[in-house]
Structure formats: C-alpha cells, structure tokens
$ cat final-v7.csv   # CSV, C-alpha atoms and all ligand atoms
chain,number,residue,atom,x,y,z
A,30,MET,CA,10.7,-15.7,42.4
A,31,SER,CA,11.1,-12.1,43.8
A,32,SER,CA,9.9,-9.3,41.6
A,33,GLN,CA,12.6,-7.7,39.5
A,34,LEU,CA,10.7,-4.7,38.3
A,35,PRO,CA,9.4,-2.0,40.5
A,36,PRO,CA,5.6,-2.2,40.7
A,37,GLN,CA,4.9,1.1,38.9
A,38,GLU,CA,6.7,4.3,37.9
A,39,SER,CA,4.8,7.6,37.3
A,40,ILE,CA,4.9,9.3,33.9
A,41,ALA,CA,6.8,12.2,35.5
A,42,SER,CA,9.4,9.9,36.9
A,43,VAL,CA,9.9,8.0,33.6
A,44,ARG,CA,10.2,11.3,31.8
A,45,ALA,CA,12.8,12.6,34.2
A,46,ARG,CA,14.8,9.3,34.3
A,47,ARG,CA,14.7,9.0,30.5
A,48,ALA,CA,16.0,12.5,30.0
A,49,HIS,CA,18.3,11.5,27.1
A,50,SER,CA,15.9,9.2,25.3
A,51,ILE,CA,14.6,10.1,21.8
A,52,LYS,CA,11.2,8.7,22.8
A,53,TRP,CA,10.7,11.1,25.6
A,54,ARG,CA,12.6,14.1,24.1
A,55,ARG,CA,11.2,14.4,20.6
A,56,TYR,CA,7.8,15.8,21.7
A,57,GLY,CA,6.8,18.4,24.4
A,58,PRO,CA,5.7,17.5,27.9
A,59,ASP,CA,2.0,17.6,27.0
A,60,ILE,CA,2.5,14.7,24.6
A,61,LEU,CA,2.5,11.1,25.8
A,62,PRO,CA,5.1,9.2,23.6
A,63,ALA,CA,4.2,5.7,22.4
A,64,TRP,CA,6.3,5.5,19.2
A,65,VAL,CA,9.9,4.4,19.0
A,66,ALA,CA,10.5,0.7,19.9
A,67,ASP,CA,12.2,0.8,23.3
A,68,MET,CA,10.8,0.0,26.7
A,69,ASP,CA,10.1,2.3,29.7
A,70,PHE,CA,11.1,-0.5,32.0
A,71,PRO,CA,14.7,-0.2,33.2
A,72,PRO,CA,17.0,-3.0,32.0
A,73,PRO,CA,17.8,-5.7,34.6
A,74,GLN,CA,19.9,-4.1,37.3
A,75,LEU,CA,22.5,-6.9,37.6
A,76,ALA,CA,23.0,-6.8,33.8
A,77,LEU,CA,23.7,-3.1,34.0
A,78,GLU,CA,26.1,-3.7,36.8
A,79,ALA,CA,28.2,-5.9,34.5
A,80,GLY,CA,28.6,-2.8,32.4
A,81,ILE,CA,29.1,-0.5,35.4
A,82,ALA,CA,32.0,-2.9,36.6
A,83,LEU,CA,33.7,-2.3,33.2
A,84,LEU,CA,33.4,1.5,33.6
A,85,ASN,CA,34.4,1.5,37.3
A,86,SER,CA,37.6,-0.4,36.6
A,87,GLY,CA,38.5,2.0,33.8
A,88,ASP,CA,38.9,-1.0,31.5
A,89,THR,CA,37.5,1.0,28.6
A,90,GLY,CA,40.2,0.5,25.9
A,91,TYR,CA,40.0,-1.9,23.0
A,92,PRO,CA,38.3,-5.1,24.1
A,93,SER,CA,39.9,-8.5,24.2
A,94,PRO,CA,38.2,-11.3,22.3
A,95,ASP,CA,37.1,-12.9,25.6
A,96,LEU,CA,34.1,-10.5,25.8
A,97,VAL,CA,32.9,-11.7,22.4
A,98,THR,CA,33.5,-15.4,23.3
A,99,ASN,CA,31.6,-14.9,26.6
A,100,TYR,CA,28.7,-13.2,24.8
A,101,GLU,CA,28.5,-15.9,22.1
A,102,ALA,CA,28.5,-18.7,24.8
A,103,ALA,CA,25.7,-16.9,26.7
A,104,TYR,CA,23.6,-16.6,23.5
A,105,ARG,CA,24.2,-20.2,22.6
A,106,ALA,CA,22.9,-21.3,26.0
A,107,TRP,CA,20.0,-19.0,25.7
A,108,ALA,CA,19.1,-20.3,22.2
A,109,LEU,CA,19.3,-23.9,23.4
A,110,GLU,CA,17.2,-23.2,26.5
A,111,ASN,CA,14.5,-21.0,24.8
A,112,PHE,CA,14.3,-22.3,21.2
A,113,GLY,CA,16.0,-25.7,21.5
A,114,THR,CA,18.4,-24.7,18.8
A,115,LYS,CA,22.2,-24.7,18.3
A,116,PRO,CA,23.0,-21.6,16.2
A,117,ASN,CA,25.6,-21.7,13.5
A,118,THR,CA,28.7,-19.5,13.6
A,119,LEU,CA,28.0,-16.1,15.1
A,120,ARG,CA,29.5,-12.7,14.3
A,121,THR,CA,28.9,-9.9,16.8
A,122,VAL,CA,28.1,-6.5,15.3
A,123,ALA,CA,27.0,-3.1,16.6
A,124,ASP,CA,23.3,-3.4,15.6
A,125,VAL,CA,20.9,-5.2,13.4
A,126,VAL,CA,20.2,-2.5,10.9
A,127,ALA,CA,24.0,-2.0,10.2
A,128,ALA,CA,24.3,-5.8,9.9
A,129,LEU,CA,21.3,-6.0,7.5
A,130,ARG,CA,23.0,-3.5,5.2
A,131,ILE,CA,26.2,-5.5,5.3
A,132,ILE,CA,24.3,-8.7,4.5
A,133,VAL,CA,22.3,-7.2,1.6
A,134,LEU,CA,25.5,-5.8,0.0
A,135,ALA,CA,27.5,-9.0,0.5
A,136,THR,CA,24.9,-11.5,-0.7
A,137,THR,CA,23.0,-9.8,-3.5
A,138,ASP,CA,24.2,-8.1,-6.8
A,139,PRO,CA,23.8,-4.4,-7.5
A,140,GLY,CA,20.3,-3.8,-8.9
A,141,ALA,CA,19.0,-7.1,-7.7
A,142,GLY,CA,15.4,-7.3,-6.3
A,143,VAL,CA,15.0,-7.7,-2.5
A,144,ILE,CA,11.6,-8.5,-1.2
A,145,VAL,CA,10.2,-6.8,1.9
A,146,MET,CA,6.7,-7.7,3.1
A,147,THR,CA,4.6,-4.7,4.1
A,148,PRO,CA,3.7,-3.3,6.5
A,149,SER,CA,7.3,-3.3,7.4
A,150,TYR,CA,9.8,-1.9,9.9
A,151,PRO,CA,10.7,1.3,7.9
A,152,PRO,CA,14.5,1.0,7.8
A,153,PHE,CA,14.2,-2.1,5.6
A,154,PHE,CA,13.1,0.1,2.8
A,155,GLY,CA,16.1,2.4,3.3
A,156,VAL,CA,18.6,-0.3,3.6
A,157,VAL,CA,17.6,-1.9,0.3
A,158,GLN,CA,17.5,1.4,-1.6
A,159,ASP,CA,20.7,2.7,-0.1
A,160,ALA,CA,22.4,-0.5,-1.1
A,161,GLN,CA,21.3,0.3,-4.7
A,162,ARG,CA,19.1,-2.8,-4.8
A,163,ARG,CA,15.5,-2.8,-6.1
A,164,LEU,CA,12.9,-2.7,-3.4
A,165,VAL,CA,10.2,-5.3,-4.1
A,166,SER,CA,7.3,-4.5,-1.7
A,167,VAL,CA,4.9,-7.4,-1.2
A,168,PRO,CA,1.8,-6.5,0.9
A,169,MET,CA,0.6,-9.0,3.4
A,170,ARG,CA,-3.1,-9.8,3.5
A,171,ALA,CA,-5.2,-8.2,6.3
A,172,ASP,CA,-7.7,-10.9,7.2
A,173,GLY,CA,-10.1,-9.2,9.7
A,174,ARG,CA,-7.9,-8.6,12.7
A,175,ASP,CA,-5.0,-10.7,11.4
A,176,TYR,CA,-2.2,-10.4,8.9
A,177,ARG,CA,-1.3,-13.3,6.7
A,178,ILE,CA,1.6,-13.8,4.2
A,179,ASP,CA,0.2,-13.5,0.7
A,180,MET,CA,2.0,-16.5,-0.9
A,181,GLU,CA,0.6,-15.8,-4.3
A,182,ARG,CA,2.0,-12.3,-4.4
A,183,LEU,CA,5.3,-13.5,-3.0
A,184,GLU,CA,5.5,-16.2,-5.6
A,185,SER,CA,4.9,-13.7,-8.4
A,186,ALA,CA,7.5,-11.3,-7.0
A,187,ALA,CA,10.0,-14.1,-6.8
A,188,THR,CA,9.5,-15.2,-10.4
A,189,ASP,CA,11.6,-12.3,-11.6
A,190,PRO,CA,15.1,-14.0,-12.0
A,191,ASN,CA,16.6,-10.7,-10.8
A,192,THR,CA,15.0,-11.1,-7.3
A,193,GLN,CA,17.7,-12.5,-5.1
A,194,ALA,CA,16.7,-12.1,-1.4
A,195,ILE,CA,13.8,-11.7,1.0
A,196,ILE,CA,14.0,-9.9,4.2
A,197,LEU,CA,11.8,-11.7,6.7
A,198,CYS,CA,10.9,-10.0,10.0
A,199,ASN,CA,9.8,-12.6,12.6
A,200,PRO,CA,8.2,-11.7,15.0
A,201,GLN,CA,7.0,-9.1,12.6
A,202,ASN,CA,7.2,-5.4,13.2
A,203,PRO,CA,4.7,-3.7,13.1
A,204,THR,CA,1.9,-6.3,12.7
A,205,GLY,CA,3.0,-8.4,15.7
A,206,ARG,CA,2.6,-11.7,13.8
A,207,VAL,CA,4.8,-14.6,14.8
A,208,PHE,CA,5.0,-16.9,11.8
A,209,THR,CA,4.1,-20.6,12.2
A,210,GLY,CA,6.2,-23.5,11.2
A,211,THR,CA,3.9,-24.0,8.2
A,212,GLU,CA,4.3,-20.3,7.1
A,213,LEU,CA,8.1,-20.4,7.5
A,214,THR,CA,8.2,-23.7,5.5
A,215,GLU,CA,6.2,-22.1,2.7
A,216,ILE,CA,8.7,-19.2,2.6
A,217,ALA,CA,11.6,-21.7,2.7
A,218,ASN,CA,10.0,-23.7,-0.2
A,219,LEU,CA,9.6,-20.6,-2.2
A,220,ALA,CA,13.2,-19.4,-1.5
A,221,ASP,CA,14.5,-22.8,-2.5
A,222,ARG,CA,12.5,-23.0,-5.8
A,223,ARG,CA,13.5,-19.4,-6.8
A,224,GLY,CA,17.1,-19.4,-5.4
A,225,LEU,CA,16.3,-16.6,-2.9
A,226,ILE,CA,18.4,-15.9,0.2
A,227,VAL,CA,16.3,-15.5,3.3
A,228,ILE,CA,17.6,-12.7,5.6
A,229,ALA,CA,15.7,-13.2,8.8
A,230,ASP,CA,15.5,-10.3,11.3
A,231,GLU,CA,14.5,-12.0,14.6
A,232,ILE,CA,15.3,-9.2,16.9
A,233,HIS,CA,11.9,-9.5,18.6
A,234,GLN,CA,12.3,-13.3,19.2
A,235,ASP,CA,12.1,-13.1,23.0
A,236,LEU,CA,8.9,-10.9,23.1
A,237,ARG,CA,5.9,-13.1,22.6
A,238,GLY,CA,2.5,-13.5,24.0
A,239,PRO,CA,1.5,-16.5,26.1
A,240,GLU,CA,1.9,-19.9,24.5
A,241,VAL,CA,3.4,-18.4,21.3
A,242,ARG,CA,6.4,-20.2,20.0
A,243,HIS,CA,9.2,-18.6,18.0
A,244,ILE,CA,10.9,-20.8,15.4
A,245,PRO,CA,14.3,-19.5,14.3
A,246,PHE,CA,14.5,-19.7,10.5
A,247,SER,CA,17.9,-21.3,10.7
A,248,SER,CA,16.4,-24.2,12.7
A,249,LEU,CA,14.2,-25.4,9.9
A,250,GLU,CA,15.2,-28.7,8.4
A,251,HIS,CA,15.2,-27.3,4.9
A,252,PRO,CA,17.9,-26.5,2.3
A,253,SER,CA,16.8,-22.8,2.5
A,254,ALA,CA,17.8,-22.7,6.1
A,255,LEU,CA,21.4,-23.5,5.1
A,256,ARG,CA,21.5,-20.4,3.0
A,257,ALA,CA,19.6,-18.2,5.5
A,258,VAL,CA,21.2,-15.4,7.5
A,259,VAL,CA,19.7,-14.7,10.8
A,260,LEU,CA,20.1,-11.4,12.7
A,261,SER,CA,19.3,-10.8,16.3
A,262,SER,CA,20.2,-8.9,19.5
A,263,PRO,CA,19.5,-8.7,23.2
A,264,SER,CA,18.6,-5.0,22.6
A,265,LYS,CA,14.8,-5.3,22.3
A,266,SER,CA,14.6,-8.2,24.8
A,267,PHE,CA,16.4,-6.4,27.6
A,268,ASN,CA,16.0,-2.8,26.5
A,269,ILE,CA,19.6,-2.0,25.8
A,270,ALA,CA,19.4,-0.6,22.2
A,271,GLY,CA,21.8,2.3,23.1
A,272,LEU,CA,24.6,-0.1,24.2
A,273,LYS,CA,25.1,-1.4,20.6
A,274,VAL,CA,25.3,-5.2,20.5
A,275,ALA,CA,23.8,-7.6,18.0
A,276,HIS,CA,24.8,-10.7,16.2
A,277,ILE,CA,24.7,-12.3,12.8
A,278,GLU,CA,24.2,-16.1,12.5
A,279,LEU,CA,26.1,-17.0,9.4
A,280,PRO,CA,24.7,-19.4,6.8
A,281,SER,CA,26.2,-22.9,6.5
A,282,ASP,CA,26.5,-22.5,2.8
A,283,PRO,CA,30.3,-22.0,2.4
A,284,GLU,CA,30.1,-19.7,-0.6
A,285,LEU,CA,27.6,-17.3,0.9
A,286,ARG,CA,29.4,-17.4,4.2
A,287,ALA,CA,32.7,-16.5,2.6
A,288,ARG,CA,31.0,-13.6,0.9
A,289,ILE,CA,29.8,-12.2,4.2
A,290,GLU,CA,33.0,-12.9,6.1
A,291,SER,CA,35.0,-11.1,3.5
A,292,SER,CA,32.8,-8.0,3.5
A,293,PRO,CA,35.0,-5.0,4.1
A,294,LEU,CA,32.1,-3.4,6.1
A,295,LEU,CA,32.0,-6.2,8.7
A,296,PRO,CA,35.0,-5.0,10.8
A,297,LEU,CA,33.5,-1.5,10.8
A,298,SER,CA,30.4,-2.5,12.8
A,299,GLN,CA,31.7,-3.6,16.2
A,300,ALA,CA,29.7,-4.4,19.2
A,301,THR,CA,30.8,-2.2,22.2
A,302,PRO,CA,32.4,-3.8,25.3
A,303,LEU,CA,29.5,-2.4,27.3
A,304,GLY,CA,26.9,-4.0,25.1
A,305,LEU,CA,28.7,-7.3,25.0
A,306,ALA,CA,29.1,-7.4,28.9
A,307,VAL,CA,25.5,-6.4,29.6
A,308,GLY,CA,24.0,-8.5,26.8
A,309,ALA,CA,26.0,-11.6,28.0
A,310,HIS,CA,24.9,-11.2,31.6
A,311,ALA,CA,21.3,-10.7,30.5
A,312,TYR,CA,21.3,-13.9,28.4
A,313,GLN,CA,23.0,-15.8,31.3
A,314,SER,CA,20.9,-14.7,34.2
A,315,GLU,CA,17.9,-12.5,33.4
A,316,TYR,CA,15.3,-14.9,32.1
A,317,GLY,CA,13.1,-14.1,35.2
A,318,TRP,CA,13.2,-10.4,34.3
A,319,LEU,CA,12.1,-11.1,30.8
A,320,VAL,CA,9.2,-13.3,32.0
A,321,GLU,CA,8.0,-10.4,34.2
A,322,VAL,CA,8.3,-7.9,31.4
A,323,ARG,CA,6.3,-10.2,29.1
A,324,GLU,CA,3.6,-10.5,31.6
A,325,ARG,CA,3.4,-6.7,32.0
A,326,ILE,CA,3.2,-6.3,28.2
A,327,ASP,CA,0.5,-8.9,27.9
A,328,GLU,CA,-1.5,-7.1,30.6
A,329,ASN,CA,-1.1,-3.8,28.6
A,330,PHE,CA,-2.5,-5.5,25.5
A,331,ALA,CA,-5.4,-6.7,27.6
A,332,LEU,CA,-5.9,-3.1,28.9
A,333,VAL,CA,-5.9,-1.6,25.4
A,334,SER,CA,-8.3,-4.2,24.1
A,335,LYS,CA,-10.7,-3.6,27.0
A,336,GLY,CA,-10.3,0.2,26.9
A,337,LEU,CA,-10.4,0.8,23.1
A,338,GLY,CA,-11.7,-2.4,21.7
A,339,ASP,CA,-15.3,-1.2,21.7
A,340,LEU,CA,-14.7,1.8,19.5
A,341,ASP,CA,-16.1,1.0,16.1
A,342,CYS,CA,-13.8,3.5,14.3
A,343,LEU,CA,-10.8,1.6,15.5
A,344,ALA,CA,-9.4,-1.7,14.3
A,345,LEU,CA,-6.8,-3.3,16.6
A,346,TYR,CA,-4.9,-6.2,14.9
A,347,ASP,CA,-4.2,-9.3,16.9
A,348,ARG,CA,-0.7,-9.5,18.3
A,349,GLU,CA,1.3,-12.6,18.9
A,350,GLY,CA,4.8,-11.1,19.5
A,351,THR,CA,6.6,-7.8,19.9
A,352,TYR,CA,5.3,-5.1,22.2
A,353,LEU,CA,3.8,-3.2,19.3
A,354,GLN,CA,0.1,-2.8,18.6
A,355,TRP,CA,-0.7,-2.2,14.9
A,356,ALA,CA,-4.0,-0.5,14.4
A,357,LYS,CA,-6.2,1.5,12.0
A,358,ILE,CA,-8.7,4.3,12.4
A,359,GLU,CA,-11.7,4.3,10.1
A,360,ARG,CA,-13.6,7.5,9.1
A,361,LEU,CA,-10.7,9.9,9.9
A,362,PRO,CA,-11.6,13.6,9.5
A,363,PRO,CA,-10.5,14.9,6.0
A,364,ASP,CA,-6.8,15.9,5.8
A,365,GLN,CA,-6.0,14.0,9.0
A,366,SER,CA,-3.8,10.9,9.3
A,367,ALA,CA,-4.1,8.6,12.2
A,368,TYR,CA,-0.8,10.0,13.4
A,369,SER,CA,-1.7,13.7,13.1
A,370,PHE,CA,-5.2,13.0,14.6
A,371,LEU,CA,-3.8,11.3,17.7
A,372,LEU,CA,-1.1,13.8,18.1
A,373,GLU,CA,-3.4,16.8,17.9
A,374,LYS,CA,-6.6,15.4,19.5
A,375,ALA,CA,-5.3,12.9,22.0
A,376,HIS,CA,-1.8,14.3,22.6
A,377,VAL,CA,-0.3,10.9,22.0
A,378,ALA,CA,2.7,10.3,19.7
A,379,VAL,CA,2.4,7.0,17.8
A,380,GLY,CA,4.3,5.6,14.8
A,381,PRO,CA,2.8,7.0,11.6
A,382,GLY,CA,1.2,4.2,9.4
A,383,GLU,CA,2.6,5.6,6.2
A,384,ASP,CA,6.2,4.9,7.5
A,385,TYR,CA,5.4,1.2,7.6
A,386,LEU,CA,2.8,1.0,4.8
A,387,PRO,CA,3.6,3.7,2.3
A,388,GLY,CA,0.3,5.3,1.2
A,389,SER,CA,-1.7,4.3,4.3
A,390,THR,CA,-2.4,7.2,6.5
A,391,SER,CA,-5.1,5.5,8.5
A,392,HIS,CA,-2.8,3.0,10.3
A,393,PHE,CA,-0.6,3.6,13.3
A,394,ARG,CA,1.7,1.7,15.6
A,395,LEU,CA,1.5,2.0,19.4
A,396,ASN,CA,4.4,0.9,21.7
A,397,LEU,CA,3.0,-0.9,24.7
A,398,ALA,CA,6.3,-1.5,26.6
A,399,ALA,CA,5.3,1.0,29.2
A,400,TRP,CA,4.0,1.1,32.8
A,401,PRO,CA,0.3,0.3,33.3
A,402,SER,CA,-0.3,3.9,34.5
A,403,THR,CA,1.1,5.3,31.3
A,404,VAL,CA,-1.0,2.8,29.2
A,405,GLU,CA,-4.1,3.8,31.2
A,406,HIS,CA,-3.4,7.5,30.3
A,407,LEU,CA,-2.9,6.5,26.7
A,408,ILE,CA,-6.2,4.7,26.6
A,409,GLU,CA,-8.0,7.5,28.3
A,410,ARG,CA,-6.7,10.2,25.9
A,411,MET,CA,-7.2,8.0,22.8
A,412,HIS,CA,-10.7,7.0,23.9
A,413,ASP,CA,-11.7,10.6,24.4
A,414,ALA,CA,-10.4,11.6,21.0
A,415,LEU,CA,-11.7,8.6,19.1
A,416,SER,CA,-15.1,8.8,20.6
A,417,SER,CA,-15.6,12.1,18.7
A,418,ILE,CA,-15.3,10.4,15.3
A,501,LIG,C1,12.5,-5.5,13.2
A,501,LIG,C2,13.6,-4.6,13.8
A,501,LIG,N1,14.8,-4.7,13.3
A,501,LIG,C3,15.8,-3.9,13.8
A,501,LIG,C4,15.6,-2.9,14.7
A,501,LIG,C5,16.7,-2.0,15.2
A,501,LIG,O1,17.7,-2.8,15.7
A,501,LIG,P1,19.1,-2.2,16.0
A,501,LIG,O2,18.9,-1.1,16.9
A,501,LIG,O3,19.9,-3.3,16.5
A,501,LIG,O4,19.6,-1.7,14.6
A,501,LIG,C6,14.3,-2.8,15.2
A,501,LIG,C7,14.0,-1.7,16.2
A,501,LIG,O5,12.9,-1.4,16.4
A,501,LIG,C8,13.3,-3.6,14.7
A,501,LIG,O6,12.0,-3.5,15.2
$ encode --input "final-v7.csv" --output "structure tokens"
Amino acid sequence: MSSQLPPQESIASVRARRAHSIKWRRYGPDILPAWVADMDFPPPQLALEAGIALLNSGDTGYPSPDLVTNYEAAYRAWALENFGTKPNTLRTVADVVAALRIIVLATTDPGAGVIVMTPSYPPFFGVVQDAQRRLVSVPMRADGRDYRIDMERLESAATDPNTQAIILCNPQNPTGRVFTGTELTEIANLADRRGLIVIADEIHQDLRGPEVRHIPFSSLEHPSALRAVVLSSPSKSFNIAGLKVAHIELPSDPELRARIESSPLLPLSQATPLGLAVGAHAYQSEYGWLVEVRERIDENFALVSKGLGDLDCLALYDREGTYLQWAKIERLPPDQSAYSFLLEKAHVAVGPGEDYLPGSTSHFRLNLAAWPSTVEHLIERMHDALSSI
C-alpha cells in the first residue's frame, strides 16, 4: 500500500499550515502546543476532495437527505468491517458534545444524578451541570500505571434512586483506557440493576494501540445495551472536528427512543454537508490512512516512553486507545501545577490535570497526534525541564 501521509512536516510548516487552529494559535511561537485533541496530520486528501467538490460546484444550499443516507450507509459498513456490529437507527448531528447535551436532557429528569467517571473529558462536567442535573463524579482507581473502574464506588453512587444515567467514555479520554468486555458487562449489570441509562461516548473508537479491540456498548448482548445511547463521529479518527459531523445511535427501547426523537433540540444540531461528504468518504475509503496514522501514534508513544520513561519524577500511564498520554509529575515545585511548570520551564502547552480531575494539579494530558519531529522536540524540552526536579 502506498504511503498516504507525507513522511515528516517541520514544526514551522505545521504552524504555518494550521494558521487558524486553536491548538497552534492560543500560545506564542516559542510554545510547543500539545493540548487540544486534534491531529497535526492533514486529513486524507481524497476525503477532503469530496468536500472540495461540493464547494466547487457551488452546491452549498440546504442539503438533500441523500447526503445523510450516504453517510449512514458508509458508517454501517465501517462498523461491520471494524467492529463486526450492525448499529441501530442513527441520527446525524453536528457534534458529540451537542448530542450529549440533547441526550442528557431527553433521557433524565431535572435534578437527576448523572455519573461521570474521573478523570474525565472536561465538557462532560459542564454538560451535566448546564442541563441542571446533578454531577456525580466517581473516581477511577489508579493502579500503578493503569486506571481501573472502581465498581464499588460506582455501585454506591448508583444506589441513590435519583441517579438515572452514566456517561461512559470508551476509549477513555484522558486515561487512554479501552474497556474490556468484562468491564463493560460489569457496567451493564450495574445499569440494569439500578435502572441507569448508559450514554456511551465512543468518539475515540478508531484510535487504538496494536491488538486492542474496541467493543461498542450497543453490541453487548445485555438488556442495558437496548437502553444505551452511543455517540460517535469520524472527527477524531480522520481529524475533521471543524467540519461538524457526528451521529447518535438510538437505543432500541421504544420509550427512550421516542423521548430522544421528540427532543426539540435535535433538529437544531445538524451535521454540515461538508462534514457528511468528507466523513462518508473517509469511512468508505480511508481505512489505509487510519492504519498509517495509528502506526505513527504508536511510534510516538514509544518515543515518549523511551525519552521520558526513565524520569523518576514522572508517571506515564499505560495507554490502550486515543492519542492522549495521561501523566503525573511528582515533587513539583511549590505553587506550580504540572501545566504551569511545563509551560514556563519546558515551553510546552499540555492539558491541565485539574480540568480533567478537579483538585489535581500534578496531572497533565499530552496530545501525541503529531509528527515525530514535533514529538522529539516535546521530549527534549520536557526532559530538560523535568530533570531539574
Ligand atoms: C471524549 C470526547 N468526546 C467528545 C469530544 C468532542 O467531540 P465533538 O467535537 O464532536 O463535540 C472530544 C474531543 O476531544 C472527546 O475527547
């Protein structure tokens, strides 16, 4: 198979090409950005051309339903090929976070408890609170270099009859865990016993390390799967977050499904024609691009482990999925967080730990979807700074 990615791109070239990206624009030119979750790799060229064709023909008015039908068919084929699953009814939407808000509002009552396992993708906290639901944070257990679901804590959070849903992020941002069939079944059992709706954000489903299998929650043979709502998108997999396309896989349960379908907010979150066209092409034809990207990302994790793994002030947690390295700095200087230390001393911008794990300033999240030369610079800068601790 011919290579679909250029072999390398310099930091200066990425910075110039990504002139309108928040990742590269938030900080000054002396800072190397490794924070927000998008990739420095350009999306697959032929997928982009599906969007360019729409623009070139000036066919930019209200889209006809065939764009949605085509996208859904492409995703169904992708799900069958990659996960061996046949998704339920799909609804396309603009993005996963908007969809999550719609689902929380439609499926839970005002004031109900919604469980979020921490550390967590920060917008989950905001979605629950903005929807006037009660945020029930349940910490995962850090076991050495690994994060595990704390079933005892989940169980006790779920005993409150007012707790109605759990937001499950799998693959998990920021820890990089990809939950096993056993773990998912434990969640499903709990949800069934306590009457919880599982809202599964599977946006990172295509980004996994070697030999790691993703199991869509809706594919479990379990009563909880019939009541689960699964959210996903080609936006992380193919680096098209700005094009606005995602989908909701509706639950089979007719009552829940009707609640979602009658949400007045659903028609307000529409996927764009560009997103539908590019996303459909990517699902149809760009598996090879994704495989190359995954290999690059795996190599980057190996580089980081080799370059920073020997520092005894740094804990790097094992990653199974996503392109995000979750980490912790021990013995930080007083009044410094991992984020401020790395920004000031290494000139690297990471995701601040406290955003994902309120109260923890020693953790941070590093985005490794970058060219190897960028990652080597990151390692060098971080190694120099951390060696001084
Ligand atoms: C777990 C998770 N969900 C949702 C999103 C955002 O998705 P969208 O841009 O479709 O709202 C991200 C982005 O990083 C994410 O990591």
$ atom_distance --input "final-v7.csv" --atom1 "CA of Glu349 in chain A" --atom2 "CA of Arg410 in chain A"
25.2 Å
$ closest_residue --input "final-v7.csv" --among "A:Asn99, A:Gln74, A:Ser262, A:Gln193" --to "ligand LIG 501 (chain A)" --atoms "all atoms listed in the file"
A:Ser262
$ residues_near_point --input "final-v7.csv" --point "(8.3, -6.2, -0.8)" --cutoff "10 Å" --atoms "all atoms listed in the file" --output "number ranges by chain"
A: 142-149, 153-154, 163-169, 182-183, 186, 195-197
$ residues_around --input "final-v7.csv" --residues "Arg256 in chain A" --least-positions-apart "6" --cutoff "7 Å" --atoms "all atoms listed in the file" --output "list in words"
Ile226, Pro280, Ser281 and Asp282 of chain A
$ residues_near_ligand --input "final-v7.csv" --ligand "ligand LIG 501 (chain A)" --cutoff "8 Å" --atoms "only C-alpha atoms and all ligand atoms" --output "JSON list (two decimals) with C-alpha atoms, keeping the file's coordinate frame"
[["chain", "number", "residue", "atom", "x", "y", "z"],
["A", 65, "VAL", "CA", 9.90, 4.40, 19.00],
["A", 66, "ALA", "CA", 10.50, 0.70, 19.90],
["A", 67, "ASP", "CA", 12.20, 0.80, 23.30],
["A", 123, "ALA", "CA", 27.00, -3.10, 16.60],
["A", 124, "ASP", "CA", 23.30, -3.40, 15.60],
["A", 125, "VAL", "CA", 20.90, -5.20, 13.40],
["A", 126, "VAL", "CA", 20.20, -2.50, 10.90],
["A", 127, "ALA", "CA", 24.00, -2.00, 10.20],
["A", 128, "ALA", "CA", 24.30, -5.80, 9.90],
["A", 150, "TYR", "CA", 9.80, -1.90, 9.90],
["A", 152, "PRO", "CA", 14.50, 1.00, 7.80],
["A", 198, "CYS", "CA", 10.90, -10.00, 10.00],
["A", 199, "ASN", "CA", 9.80, -12.60, 12.60],
["A", 200, "PRO", "CA", 8.20, -11.70, 15.00],
["A", 201, "GLN", "CA", 7.00, -9.10, 12.60],
["A", 202, "ASN", "CA", 7.20, -5.40, 13.20],
["A", 203, "PRO", "CA", 4.70, -3.70, 13.10],
["A", 230, "ASP", "CA", 15.50, -10.30, 11.30],
["A", 231, "GLU", "CA", 14.50, -12.00, 14.60],
["A", 232, "ILE", "CA", 15.30, -9.20, 16.90],
["A", 233, "HIS", "CA", 11.90, -9.50, 18.60],
["A", 261, "SER", "CA", 19.30, -10.80, 16.30],
["A", 262, "SER", "CA", 20.20, -8.90, 19.50],
["A", 264, "SER", "CA", 18.60, -5.00, 22.60],
["A", 265, "LYS", "CA", 14.80, -5.30, 22.30],
["A", 270, "ALA", "CA", 19.40, -0.60, 22.20],
["A", 271, "GLY", "CA", 21.80, 2.30, 23.10],
["A", 273, "LYS", "CA", 25.10, -1.40, 20.60],
["A", 274, "VAL", "CA", 25.30, -5.20, 20.50],
["A", 275, "ALA", "CA", 23.80, -7.60, 18.00]]
$ residues_around --input "final-v7.csv" --residues "Leu61 in chain A" --least-positions-apart "4" --cutoff "8 Å" --atoms "all atoms listed in the file" --output "PyMOL selection string"
chain A and resi 376-378+407
$ closest_residue --input "final-v7.csv" --among "A:Gln354, A:Ser86, A:Gln365, A:Thr403" --to "Gly380 in chain A" --atoms "all atoms listed in the file"
A:Gln354
$ residues_around --input "final-v7.csv" --residues "Gly382 in chain A" --least-positions-apart "4" --cutoff "7 Å" --atoms "all atoms listed in the file" --output "ChimeraX atom specification"
/A:386,389-394
$ residues_near_point --input "final-v7.csv" --point "(14.1, 0.3, 34.8)" --cutoff "12 Å" --atoms "only C-alpha atoms" --output "MDAnalysis selection string"
chainID A and resid 33:38 42:43 46:47 67:77 267:269 318 322 398:400
$ atom_distance --input "final-v7.csv" --atom1 "CA of Ser314 in chain A" --atom2 "CA of Leu119 in chain A"
20.4 Å
$ residues_around --input "final-v7.csv" --residues "Thr89 in chain A" --least-positions-apart "5" --cutoff "9 Å" --atoms "all atoms listed in the file" --output "list in words"
Leu83, Leu84, Pro302 and Leu303 of chain A
$ closest_residue --input "final-v7.csv" --among "A:Ser253, A:Pro296, A:Ser417, A:Val333" --to "Phe370 in chain A" --atoms "only C-alpha atoms"
A:Ser417
$ residues_around --input "final-v7.csv" --residues "Arg286 in chain A" --least-positions-apart "4" --cutoff "12 Å" --atoms "all atoms listed in the file" --output "PyMOL selection string"
chain A and resi 117-120+132+135-136+226+255-258+277-282+290-292
